[in-house]
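Novice: Structure file target-v5.cif, mmCIF, C-alpha atoms, is pasted below:
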```
data_model
#
loop_
_atom_site.label_atom_id
_atom_site.label_comp_id
_atom_site.auth_asym_id
_atom_site.auth_seq_id
_atom_site.Cartn_x
_atom_site.Cartn_y
_atom_site.Cartn_z
CA MET A 88 96.19 92.86 339.97
CA ALA A 89 96.02 89.33 341.25
CA SER A 90 96.01 88.86 344.97
CA LEU A 91 99.00 87.43 346.77
CA LYS A 92 97.23 84.15 347.39
CA GLU A 93 96.27 83.77 343.74
CA LEU A 94 99.85 84.40 342.65
CA LYS A 95 101.15 81.84 345.08
CA GLY A 96 98.68 79.31 343.72
CA ARG A 97 99.78 79.95 340.17
CA ILE A 98 103.45 79.63 341.03
CA ASN A 99 102.76 76.30 342.65
CA SER A 100 100.78 75.00 339.71
CA VAL A 101 103.51 75.98 337.25
CA LYS A 102 106.04 74.31 339.51
CA SER A 103 104.18 71.03 339.42
CA THR A 104 103.83 71.26 335.65
CA GLN A 105 107.56 71.77 335.45
CA LYS A 106 108.10 68.65 337.52
CA ILE A 107 106.02 66.64 335.08
CA THR A 108 107.76 67.95 331.98
CA LYS A 109 111.14 67.40 333.57
CA ALA A 110 110.28 63.81 334.43
CA LYS A 111 108.99 63.17 330.91
CA GLN A 112 112.17 64.65 329.48
CA MET A 113 114.35 62.33 331.49
CA VAL A 114 112.25 59.31 330.61
CA ALA A 115 112.47 60.24 326.92
CA ALA A 116 116.23 60.67 327.15
CA ALA A 117 116.61 57.21 328.62
CA LYS A 118 114.27 55.63 326.10
CA LEU A 119 115.92 57.46 323.24
CA ARG A 120 119.19 55.73 323.88
CA LYS A 121 117.50 52.35 323.73
CA ALA A 122 115.47 53.19 320.64
CA GLN A 123 118.53 54.49 318.88
CA ALA A 124 120.46 51.34 319.68
CA ALA A 125 117.59 49.24 318.34
CA ALA A 126 117.47 51.24 315.14
CA GLU A 127 121.21 50.87 314.77
CA ALA A 128 121.09 47.12 315.38
CA ALA A 129 118.51 46.66 312.66
CA ARG A 130 120.59 48.37 310.03
CA PRO A 131 122.86 45.47 308.96
CA TYR A 132 119.88 43.32 308.09
CA SER A 133 118.20 45.89 305.91
CA VAL A 134 121.45 46.85 304.21
CA ARG A 135 122.20 43.23 303.32
CA LEU A 136 118.66 42.53 302.27
CA ALA A 137 118.66 45.57 300.03
CA ALA A 138 121.91 44.42 298.44
CA VAL A 139 120.52 40.96 297.75
CA MET A 140 117.31 42.49 296.44
CA ALA A 141 119.23 44.72 294.08
CA SER A 142 121.22 41.89 292.57
CA LEU A 143 118.16 39.68 292.18
CA ALA A 144 115.79 42.33 290.93
CA GLY A 145 118.31 43.39 288.31
CA LYS A 146 118.24 39.87 286.91
CA VAL A 147 114.50 39.29 286.97
CA ALA A 148 113.17 42.77 286.22
CA GLY A 149 113.35 42.55 282.46
CA ARG A 150 111.60 39.21 282.19
CA ASP A 151 107.93 38.60 281.64
CA GLY A 152 107.21 36.52 284.70
CA ALA A 153 108.33 39.17 287.15
CA PRO A 154 106.23 39.06 290.31
CA LYS A 155 103.45 41.60 290.74
CA LEU A 156 105.09 43.08 293.79
CA LEU A 157 108.02 44.12 291.66
CA ALA A 158 106.38 44.94 288.36
CA GLY A 159 103.17 46.47 289.71
CA THR A 160 99.61 45.76 288.67
CA GLY A 161 99.95 47.57 285.40
CA SER A 162 97.97 50.62 286.43
CA ASP A 163 98.69 53.37 288.91
CA LYS A 164 95.26 54.73 289.60
CA LYS A 165 94.75 53.78 293.23
CA HIS A 166 97.33 54.95 295.71
CA LEU A 167 97.62 53.97 299.31
CA LEU A 168 99.50 56.08 301.81
CA VAL A 169 100.82 54.17 304.77
CA VAL A 170 101.32 56.82 307.42
CA VAL A 171 103.33 55.95 310.49
CA ASN A 172 102.50 58.16 313.45
CA THR A 173 103.22 57.83 317.12
CA ASP A 174 100.74 56.57 319.67
CA LYS A 175 101.44 59.17 322.30
CA GLY A 176 101.57 62.90 322.25
CA LEU A 177 103.91 65.24 324.09
CA CYS A 178 106.43 65.10 321.31
CA GLY A 179 106.32 68.56 319.83
CA GLY A 180 105.59 69.00 316.17
CA LEU A 181 106.54 65.47 315.14
CA ASN A 182 103.06 64.16 314.40
CA SER A 183 101.83 67.31 312.75
CA ASN A 184 104.89 67.26 310.51
CA ILE A 185 104.21 63.67 309.49
CA VAL A 186 100.56 64.44 308.80
CA LYS A 187 101.56 67.53 306.83
CA GLU A 188 103.87 65.46 304.67
CA ALA A 189 101.17 62.85 304.10
CA LYS A 190 98.59 65.47 303.19
CA ALA A 191 100.96 67.19 300.79
CA LYS A 192 101.59 63.86 299.08
CA ALA A 193 97.86 63.15 298.95
CA ARG A 194 97.10 66.55 297.43
CA ASP A 195 99.84 65.98 294.90
CA LEU A 196 98.39 62.62 293.86
CA ILE A 197 94.83 63.89 293.75
CA ALA A 198 95.93 66.76 291.55
CA GLN A 199 97.28 64.13 289.16
CA GLY A 200 93.85 62.52 289.11
CA LYS A 201 94.66 59.53 291.31
CA ASP A 202 92.57 57.97 294.03
CA VAL A 203 94.13 58.21 297.44
CA SER A 204 93.40 56.19 300.55
CA PHE A 205 95.19 55.93 303.85
CA TYR A 206 96.43 53.16 306.05
CA LEU A 207 97.33 54.53 309.44
CA VAL A 208 99.78 53.10 311.90
CA GLY A 209 99.71 54.67 315.34
CA LYS A 210 97.00 56.67 317.00
CA LYS A 211 98.01 60.27 316.55
CA GLY A 212 97.48 60.55 312.81
CA ARG A 213 93.88 59.46 312.83
CA ALA A 214 92.04 62.60 313.85
CA PRO A 215 93.83 65.14 311.63
CA ILE A 216 93.69 62.93 308.55
CA ARG A 217 90.08 61.99 309.08
CA ARG A 218 89.24 65.69 309.25
CA ASP A 219 90.53 66.29 305.71
CA TYR A 220 89.78 62.92 304.14
CA PRO A 221 86.75 61.54 306.00
CA ASP A 222 86.28 58.56 303.65
CA GLY A 223 89.89 58.00 302.75
CA ILE A 224 90.98 55.82 305.65
CA THR A 225 91.04 52.16 304.69
CA ALA A 226 92.33 50.71 307.92
CA ASN A 227 94.21 51.43 311.10
CA TYR A 228 96.84 49.44 312.80
CA ASP A 229 97.05 49.93 316.51
CA THR A 230 100.52 49.71 317.99
CA SER A 231 99.57 51.21 321.33
CA THR A 232 98.85 47.86 322.95
CA VAL A 233 102.46 46.74 322.89
CA ARG A 234 105.26 48.43 324.67
CA ASN A 235 107.94 48.21 322.03
CA PRO A 236 106.62 47.57 318.54
CA GLY A 237 108.89 44.96 317.04
CA TYR A 238 109.18 42.65 314.12
CA GLU A 239 105.90 40.88 314.88
CA GLU A 240 103.98 44.10 314.45
CA ALA A 241 105.81 44.84 311.23
CA GLU A 242 104.90 41.35 310.05
CA ALA A 243 101.24 41.90 310.87
CA ILE A 244 101.17 45.25 309.09
CA ALA A 245 102.91 43.83 306.03
CA ALA A 246 100.52 40.87 305.92
CA GLU A 247 97.55 43.21 306.02
CA LEU A 248 99.01 45.41 303.29
CA LEU A 249 99.79 42.42 301.08
CA ALA A 250 96.23 41.14 301.54
CA LEU A 251 94.88 44.52 300.48
CA PHE A 252 97.21 44.49 297.51
CA GLU A 253 96.15 41.00 296.47
CA ALA A 254 92.51 42.07 296.76
CA GLY A 255 93.24 44.88 294.33
CA LYS A 256 92.47 47.66 296.79
CA PHE A 257 95.45 49.68 295.63
CA ASP A 258 98.08 49.73 292.89
CA VAL A 259 100.80 51.74 294.51
CA ALA A 260 101.65 52.14 298.18
CA HIS A 261 103.81 54.82 299.74
CA LEU A 262 105.24 54.79 303.21
CA VAL A 263 105.27 58.07 305.10
CA SER A 264 107.35 57.91 308.23
CA PRO A 265 109.71 60.05 310.27
CA ILE A 266 113.44 59.63 309.84
CA PHE A 267 115.46 60.14 312.95
CA LYS A 268 118.38 62.47 312.32
CA SER A 269 119.03 63.83 315.77
CA ALA A 270 117.07 64.72 318.85
CA LEU A 271 116.38 68.07 317.22
CA ALA A 272 115.54 66.99 313.69
CA GLN A 273 113.20 64.25 312.60
CA ASP A 274 112.10 64.79 309.05
CA PRO A 275 109.19 62.85 307.64
CA GLN A 276 109.89 61.20 304.33
CA THR A 277 107.90 59.35 301.72
CA VAL A 278 109.16 56.21 300.03
CA GLN A 279 107.45 53.92 297.60
CA LEU A 280 106.61 50.60 299.20
CA ILE A 281 104.65 48.63 296.61
CA PRO A 282 105.54 47.87 293.89
CA VAL A 283 109.03 47.58 295.27
CA PRO A 284 111.11 50.19 293.48
CA ALA A 285 113.76 48.36 291.51
CA PRO A 286 117.03 49.20 293.22
CA GLU A 287 119.88 50.20 290.99
CA ALA A 288 121.59 47.04 289.99
CA GLY A 289 125.05 47.56 291.36
CA SER A 290 127.67 45.09 290.25
CA ALA A 291 125.49 42.97 288.04
CA GLY A 292 128.54 41.20 286.72
CA GLY A 293 130.92 39.26 288.87
CA ALA A 294 130.68 35.60 289.64
CA ALA A 295 127.79 33.54 288.40
CA VAL A 296 125.62 32.97 291.41
CA GLU A 297 123.82 29.70 291.73
CA TYR A 298 120.24 30.02 292.86
CA GLU A 299 118.46 27.41 294.83
CA PRO A 300 115.50 27.22 294.11
CA ASP A 301 115.46 29.52 291.06
CA GLU A 302 115.53 33.32 290.99
CA GLU A 303 111.78 33.77 290.70
CA GLU A 304 111.03 31.66 293.71
CA ILE A 305 113.62 33.34 295.86
CA LEU A 306 112.41 36.71 294.76
CA ALA A 307 108.80 35.78 295.49
CA GLU A 308 109.83 34.98 299.02
CA LEU A 309 112.15 37.90 299.32
CA LEU A 310 109.79 40.68 298.30
CA PRO A 311 107.31 40.33 301.17
CA ARG A 312 110.25 40.09 303.51
CA TYR A 313 111.73 43.25 302.07
CA ILE A 314 108.46 45.08 302.65
CA LYS A 315 108.36 43.79 306.21
CA THR A 316 111.85 45.05 306.77
CA LEU A 317 110.98 48.49 305.43
CA ILE A 318 108.00 48.69 307.77
CA PHE A 319 110.05 47.40 310.66
CA GLY A 320 112.64 50.05 309.94
CA ALA A 321 109.92 52.69 309.88
CA LEU A 322 108.63 51.52 313.25
CA LEU A 323 112.08 51.72 314.77
CA GLU A 324 112.70 55.14 313.29
CA ARG A 325 109.35 56.26 314.61
CA GLU A 326 110.24 55.08 318.09
CA ALA A 327 113.55 56.92 318.07
CA SER A 328 111.99 60.03 316.55
CA GLU A 329 109.21 60.06 319.10
CA GLN A 330 111.62 59.92 322.00
CA GLY A 331 113.95 62.47 320.45
CA ALA A 332 111.16 64.92 319.70
CA SER A 333 109.66 64.34 323.10
CA MET A 334 112.96 65.04 324.79
CA THR A 335 113.43 68.31 322.93
CA ALA A 336 109.84 69.43 323.44
CA MET A 337 109.93 68.64 327.13
CA ASP A 338 113.25 70.40 327.54
CA ASN A 339 111.70 73.52 326.06
CA ALA A 340 108.63 73.15 328.22
CA THR A 341 110.74 72.83 331.36
CA ARG A 342 112.66 75.94 330.43
CA ASN A 343 109.50 77.88 329.71
CA ALA A 344 108.05 76.84 333.03
CA GLY A 345 111.22 78.07 334.74
CA ASP A 346 110.91 81.46 333.03
CA LEU A 347 107.28 81.68 333.99
CA ILE A 348 108.06 80.86 337.60
CA ASN A 349 110.70 83.60 337.71
CA LYS A 350 108.29 86.13 336.27
CA LEU A 351 105.53 85.18 338.66
CA THR A 352 107.90 85.24 341.63
CA ILE A 353 109.00 88.78 340.77
CA GLN A 354 105.37 89.82 340.46
CA TYR A 355 104.59 88.14 343.76
CA ASN A 356 107.44 89.91 345.58
CA ARG A 357 106.48 93.25 344.07
CA SER A 358 102.91 93.03 345.20
CA ARG A 359 103.99 91.84 348.62
CA GLN A 360 106.27 94.83 348.94
CA ALA A 361 103.56 97.16 347.71
CA ALA A 362 101.21 95.77 350.33
CA ILE A 363 103.79 96.34 353.10
CA THR A 364 104.50 99.88 351.90
CA THR A 365 100.80 100.73 351.90
CA GLU A 366 100.47 99.35 355.40
CA LEU A 367 103.44 101.42 356.63
CA ILE A 368 102.09 104.58 355.06
CA GLU A 369 98.78 103.97 356.77
CA ILE A 370 100.45 103.53 360.16
CA ILE A 371 102.65 106.62 359.76
CA ALA A 372 99.75 108.71 358.53
CA GLY A 373 97.73 107.52 361.52
CA ALA A 374 100.54 108.38 363.96
CA GLU A 375 101.00 111.86 362.48
CA ALA A 376 97.34 112.61 362.75
CA LEU A 377 97.47 112.25 366.54
CA MET B 3 141.60 29.15 305.78
CA ALA B 4 138.56 30.41 307.52
CA LEU B 5 135.05 31.14 306.41
CA HIS B 6 133.55 34.45 307.37
CA PHE B 7 130.12 33.72 308.75
CA GLU B 8 127.44 36.28 309.55
CA LEU B 9 124.04 35.63 311.01
CA VAL B 10 121.71 38.59 310.87
CA THR B 11 118.14 39.04 312.09
CA PRO B 12 116.00 42.15 311.75
CA GLU B 13 116.66 42.92 315.38
CA LYS B 14 120.40 42.62 315.39
CA LEU B 15 123.60 41.18 314.05
CA VAL B 16 123.64 37.91 315.93
CA ARG B 17 126.97 36.55 314.89
CA SER B 18 129.92 37.65 312.88
CA ASP B 19 133.10 35.66 313.06
CA ASP B 20 135.44 33.33 311.23
CA VAL B 21 134.63 29.65 311.40
CA HIS B 22 135.70 26.47 309.68
CA MET B 23 132.41 25.26 308.21
CA VAL B 24 128.72 25.98 308.42
CA VAL B 25 125.95 23.56 307.48
CA VAL B 26 122.89 25.44 306.29
CA PRO B 27 119.43 23.86 306.09
CA GLY B 28 118.47 24.90 302.57
CA THR B 29 114.94 24.44 301.24
CA GLU B 30 116.19 21.84 298.82
CA GLY B 31 118.48 20.12 301.25
CA ASP B 32 121.27 20.85 303.67
CA PHE B 33 124.53 22.11 302.34
CA GLY B 34 127.85 22.71 303.97
CA VAL B 35 129.81 25.84 303.25
CA LEU B 36 133.57 25.91 303.50
CA GLU B 37 135.92 28.70 302.64
CA GLY B 38 136.05 29.44 298.93
CA HIS B 39 132.56 28.11 298.21
CA ALA B 40 131.06 29.13 294.88
CA PRO B 41 128.48 31.94 295.11
CA VAL B 42 125.09 30.52 296.01
CA MET B 43 121.84 32.02 297.09
CA SER B 44 119.28 29.82 298.73
CA THR B 45 116.22 30.08 300.84
CA ILE B 46 116.38 28.13 304.06
CA ARG B 47 113.82 26.11 305.90
CA ASP B 48 113.25 26.25 309.65
CA GLY B 49 115.95 24.28 311.33
CA ALA B 50 119.34 24.35 312.90
CA ILE B 51 122.44 25.91 311.42
CA GLN B 52 125.47 23.91 312.44
CA VAL B 53 128.58 25.92 313.02
CA TYR B 54 131.92 24.09 313.13
CA LYS B 55 134.43 26.39 314.71
CA THR B 56 137.39 24.24 313.76
CA GLU B 57 137.82 21.11 311.79
CA GLY B 58 136.41 18.11 313.63
CA ALA B 59 135.04 20.23 316.46
CA GLN B 60 131.62 19.66 317.97
CA PRO B 61 129.09 21.64 315.95
CA GLU B 62 127.22 24.44 317.59
CA ASN B 63 123.54 24.48 316.68
CA ILE B 64 121.64 27.69 316.11
CA GLU B 65 117.92 27.35 315.48
CA VAL B 66 116.67 29.79 312.85
CA ARG B 67 113.25 30.49 311.43
CA GLY B 68 112.71 31.57 307.86
CA GLY B 69 115.17 33.42 305.75
CA PHE B 70 117.86 32.78 303.25
CA ALA B 71 121.55 32.27 302.91
CA GLU B 72 123.96 33.94 300.58
CA VAL B 73 127.47 32.86 299.80
CA GLY B 74 129.59 35.48 298.13
CA ASP B 75 133.14 36.71 298.02
CA ASN B 76 132.93 37.90 301.58
CA GLY B 77 131.75 34.64 303.05
CA LEU B 78 128.42 33.31 304.15
CA THR B 79 125.61 35.57 305.23
CA VAL B 80 122.46 34.10 306.71
CA LEU B 81 119.50 36.45 306.94
CA ALA B 82 116.98 34.88 309.30
CA GLU B 83 113.68 36.21 310.51
CA ARG B 84 114.17 34.87 313.99
CA VAL B 85 116.76 33.05 316.02
CA GLU B 86 115.50 30.75 318.75
CA ASP B 87 117.53 30.90 321.90
#
```
So that I can check it, write out the structure of this file as structure tokens.

Specialist:
Amino acid sequence: MASLKELKGRINSVKSTQKITKAKQMVAAAKLRKAQAAAEAARPYSVRLAAVMASLAGKVAGRDGAPKLLAGTGSDKKHLLVVVNTDKGLCGGLNSNIVKEAKAKARDLIAQGKDVSFYLVGKKGRAPIRRDYPDGITANYDTSTVRNPGYEEAEAIAAELLALFEAGKFDVAHLVSPIFKSALAQDPQTVQLIPVPAPEAGSAGGAAVEYEPDEEEILAELLPRYIKTLIFGALLEREASEQGASMTAMDNATRNAGDLINKLTIQYNRSRQAAITTELIEIIAGAEAL
Amino acid sequence: MALHFELVTPEKLVRSDDVHMVVVPGTEGDFGVLEGHAPVMSTIRDGAIQVYKTEGAQPENIEVRGGFAEVGDNGLTVLAERVED
């Protein structure tokens, strides 16, 4: 049985932990709103870009001179997994879920006899992926130095990926990132990044669109931009997911701390009472003996 | 009698309203877009988009960096990488 003093110490330490988790929860809640708004604001751009991409790709896809980013390198031996993790912890199972998804995809590809390498964005994925694939990590991109990763970071990541692609380091790239559904659910998902999957050509008909310069040139400029946008979207989703997961995890932690405090307080009161009772018995026994 | 004009950047929808005319700095030269323009898709060079709210009004300049413009049935959409304030 712990002494009264020890119990008091433990209650106090749990109380201060609870204060920290509560503060983190409120910070996450405030940041979540902002991150969600940012993710929402970015949607029109990607929707429009995807629509333009679809109409253009539908026209160019069949031709011979289709750009490499759309048609691929001709082989699909070397795969690159771009895994977007958070930079900070304290967000529940988010990062381990992302890593799990990435590893499952990697196992899948390896089973098909492909080579798999990783490109990691964010700090938290590094250690667990390095443990399983010590030589598989091509490069990292550190987003922890900036407060809110924005379009510039997405640009830098895309530029690095395109350079790797040009150098022939990989044939196919997949993007593994969390998708923010709600504060309770952020599911990681894998999408193909390079070559750009040809979107279903929607209304291919309609008015004859005039292209200036021609389709190929526009497409050549559009494809890198499309990849940038996908990465930018992933960064925004990651931000929202991180805050959402963090909020939920910290809410749970605060509640657990509260339960623990209650339990410890009951234990503390019991032992205090027991001590008083023993003391009384001793006094009464002493008085009777006289 | 109005052209629906939208200016979108990755960060947000900058502008979405009905205007009289927009002059877009295309890679192969500036072009003005009025209502009922034929469908065109063009890349744009860095420069100012001139927005004429009404006929003969003073144009409002919006500096944009990189992107492209699309004219379709639903008006003009400019997708720019950045908008300089």

Novice: Show me which bits of chain A are within 7 Å of chain B, counting all atoms listed in the file, as a list in words.

Specialist: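 Output check: Ala128, Ala129, Pro131, Tyr132, Ala294, Ala295, Val296, Glu297, Tyr298, Glu299, Pro300 and Ile305 of chain A.
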
Novice: Using only C-alpha atoms, which protein or nucleic acid residues come within 7 Å of segment 200-209 of chain A? Drop anything in the same chain fewer than 5 positions from it, and give the result as a CSV table (one decimal) with C-alpha atoms, in the frame of the given file.

Specialist:
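Dumped everything to around.csv:
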```
chain,number,residue,atom,x,y,z
A,164,LYS,CA,95.3,54.7,289.6
A,165,LYS,CA,94.8,53.8,293.2
A,166,HIS,CA,97.3,55.0,295.7
A,167,LEU,CA,97.6,54.0,299.3
A,168,LEU,CA,99.5,56.1,301.8
A,169,VAL,CA,100.8,54.2,304.8
A,170,VAL,CA,101.3,56.8,307.4
A,171,VAL,CA,103.3,56.0,310.5
A,172,ASN,CA,102.5,58.2,313.4
A,173,THR,CA,103.2,57.8,317.1
A,174,ASP,CA,100.7,56.6,319.7
A,193,ALA,CA,97.9,63.2,299.0
A,223,GLY,CA,89.9,58.0,302.8
A,224,ILE,CA,91.0,55.8,305.6
A,225,THR,CA,91.0,52.2,304.7
A,226,ALA,CA,92.3,50.7,307.9
A,227,ASN,CA,94.2,51.4,311.1
A,228,TYR,CA,96.8,49.4,312.8
A,229,ASP,CA,97.0,49.9,316.5
A,230,THR,CA,100.5,49.7,318.0
A,231,SER,CA,99.6,51.2,321.3
```

Novice: Here is a test: counting all atoms listed in the file, which residue of A:Met113, A:Ile318, A:Ala137, A:Ala361 is nearest to Glu239 of chain A?

Specialist: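 With all atoms listed in the file as the atom set, the closest residue is A:Ile318.
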
Novice: In terms of the shortest atom-to-atom distance over all atoms listed in the file, which of B:Gly38, B:Pro27, B:Gly49, B:Pro61 is closest to Leu5 of chain B?

Specialist: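 Smallest distance to Leu5 of chain B is found for B:Gly38.
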
Novice: Using the chain letters and numbers from the file, which residues does the PyMOL selection byres ((chain A and resi 277) around 12) grab, as an MDAnalysis selection string?

Specialist: chainID A and resid 167:171 185:193 260:266 274:276 278:280 317 321

Novice: So what does the PyMOL selection byres ((chain A and resi 155) around 12) actually pick up in this one, as number ranges by chain?

Specialist: A: 147-148, 151-154, 156-162, 249, 252-253, 255, 258-259, 281-284, 303, 306-307, 310-311

Novice: To one decimal in Å, tell me the separation between atom CA of Pro221 of chain A and atom CA of Gln199 of chain A.

Specialist: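 Separating atom CA of Pro221 of chain A from atom CA of Gln199 of chain A is a distance of 20.0 Å.
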
Novice: Going by the chain IDs and residue numbers used in this file, which residues fall under the PyMOL selection byres ((chain A and resi 339) around 12)? Write them as a list in words.

Specialist: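 Selection result, ordered by chain and number: Gln105, Thr108, Lys109, Lys111, Gln112, Leu177, Cys178, Gly179, Leu271, Ala332, Ser333, Met334, Thr335, Ala336, Met337, Asp338, Ala340, Thr341, Arg342, Asn343, Ala344, Gly345 and Asp346 of chain A.
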
Novice: Interatomic distance between atom CA of Asp20 of chain B and atom CA of Thr316 of chain A?

Specialist: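 One can read the atom CA of Asp20 of chain B to atom CA of Thr316 of chain A distance as 26.7 Å.
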
Novice: In Å, how far is it from atom CA of Arg325 of chain A to atom CA of Asp219 of chain A?

Specialist: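 A separation of 23.1 Å between them.
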
Novice: Where atoms are absent from segment 47-65 of chain B, fill them in so it carries N, CA and C atoms, then output it as a PDB file, keeping the file's coordinate frame.

Specialist:
```pdb
ATOM      1  N   ARG B  47     115.016  26.532 305.175  1.00  0.00           N
ATOM      2  CA  ARG B  47     113.820  26.110 305.900  1.00  0.00           C
ATOM      3  C   ARG B  47     114.113  26.240 307.403  1.00  0.00           C
ATOM      4  N   ASP B  48     113.053  26.149 308.207  1.00  0.00           N
ATOM      5  CA  ASP B  48     113.250  26.250 309.650  1.00  0.00           C
ATOM      6  C   ASP B  48     114.098  25.085 310.112  1.00  0.00           C
ATOM      7  N   GLY B  49     115.089  25.359 310.871  1.00  0.00           N
ATOM      8  CA  GLY B  49     115.950  24.280 311.330  1.00  0.00           C
ATOM      9  C   GLY B  49     117.192  24.835 311.978  1.00  0.00           C
ATOM     10  N   ALA B  50     118.139  23.944 312.182  1.00  0.00           N
ATOM     11  CA  ALA B  50     119.340  24.350 312.900  1.00  0.00           C
ATOM     12  C   ALA B  50     120.492  24.573 311.927  1.00  0.00           C
ATOM     13  N   ILE B  51     121.180  25.686 312.132  1.00  0.00           N
ATOM     14  CA  ILE B  51     122.440  25.910 311.420  1.00  0.00           C
ATOM     15  C   ILE B  51     123.530  25.297 312.278  1.00  0.00           C
ATOM     16  N   GLN B  52     124.386  24.511 311.667  1.00  0.00           N
ATOM     17  CA  GLN B  52     125.470  23.910 312.440  1.00  0.00           C
ATOM     18  C   GLN B  52     126.755  24.648 312.137  1.00  0.00           C
ATOM     19  N   VAL B  53     127.350  25.157 313.180  1.00  0.00           N
ATOM     20  CA  VAL B  53     128.580  25.920 313.020  1.00  0.00           C
ATOM     21  C   VAL B  53     129.744  25.100 313.571  1.00  0.00           C
ATOM     22  N   TYR B  54     130.710  24.792 312.700  1.00  0.00           N
ATOM     23  CA  TYR B  54     131.920  24.090 313.130  1.00  0.00           C
ATOM     24  C   TYR B  54     133.019  25.113 313.267  1.00  0.00           C
ATOM     25  N   LYS B  55     133.416  25.354 314.487  1.00  0.00           N
ATOM     26  CA  LYS B  55     134.430  26.390 314.710  1.00  0.00           C
ATOM     27  C   LYS B  55     135.769  26.003 314.108  1.00  0.00           C
ATOM     28  N   THR B  56     136.149  24.753 314.361  1.00  0.00           N
ATOM     29  CA  THR B  56     137.390  24.240 313.760  1.00  0.00           C
ATOM     30  C   THR B  56     137.090  22.883 313.163  1.00  0.00           C
ATOM     31  N   GLU B  57     138.034  22.395 312.418  1.00  0.00           N
ATOM     32  CA  GLU B  57     137.820  21.110 311.790  1.00  0.00           C
ATOM     33  C   GLU B  57     137.669  20.017 312.847  1.00  0.00           C
ATOM     34  N   GLY B  58     136.607  19.220 312.713  1.00  0.00           N
ATOM     35  CA  GLY B  58     136.410  18.110 313.630  1.00  0.00           C
ATOM     36  C   GLY B  58     135.843  18.505 314.985  1.00  0.00           C
ATOM     37  N   ALA B  59     135.578  19.796 315.172  1.00  0.00           N
ATOM     38  CA  ALA B  59     135.040  20.230 316.460  1.00  0.00           C
ATOM     39  C   ALA B  59     133.563  19.879 316.555  1.00  0.00           C
ATOM     40  N   GLN B  60     133.054  19.887 317.774  1.00  0.00           N
ATOM     41  CA  GLN B  60     131.620  19.660 317.970  1.00  0.00           C
ATOM     42  C   GLN B  60     130.855  20.828 317.357  1.00  0.00           C
ATOM     43  N   PRO B  61     129.839  20.529 316.536  1.00  0.00           N
ATOM     44  CA  PRO B  61     129.090  21.640 315.950  1.00  0.00           C
ATOM     45  C   PRO B  61     128.237  22.358 316.986  1.00  0.00           C
ATOM     46  N   GLU B  62     128.112  23.645 316.748  1.00  0.00           N
ATOM     47  CA  GLU B  62     127.220  24.440 317.590  1.00  0.00           C
ATOM     48  C   GLU B  62     125.935  24.663 316.794  1.00  0.00           C
ATOM     49  N   ASN B  63     124.793  24.357 317.401  1.00  0.00           N
ATOM     50  CA  ASN B  63     123.540  24.480 316.680  1.00  0.00           C
ATOM     51  C   ASN B  63     122.851  25.801 316.986  1.00  0.00           C
ATOM     52  N   ILE B  64     122.430  26.467 315.934  1.00  0.00           N
ATOM     53  CA  ILE B  64     121.640  27.690 316.110  1.00  0.00           C
ATOM     54  C   ILE B  64     120.325  27.492 315.365  1.00  0.00           C
ATOM     55  N   GLU B  65     119.229  27.538 316.109  1.00  0.00           N
ATOM     56  CA  GLU B  65     117.920  27.350 315.480  1.00  0.00           C
ATOM     57  C   GLU B  65     117.496  28.657 314.815  1.00  0.00           C
TER      58      GLU B  65
END
```
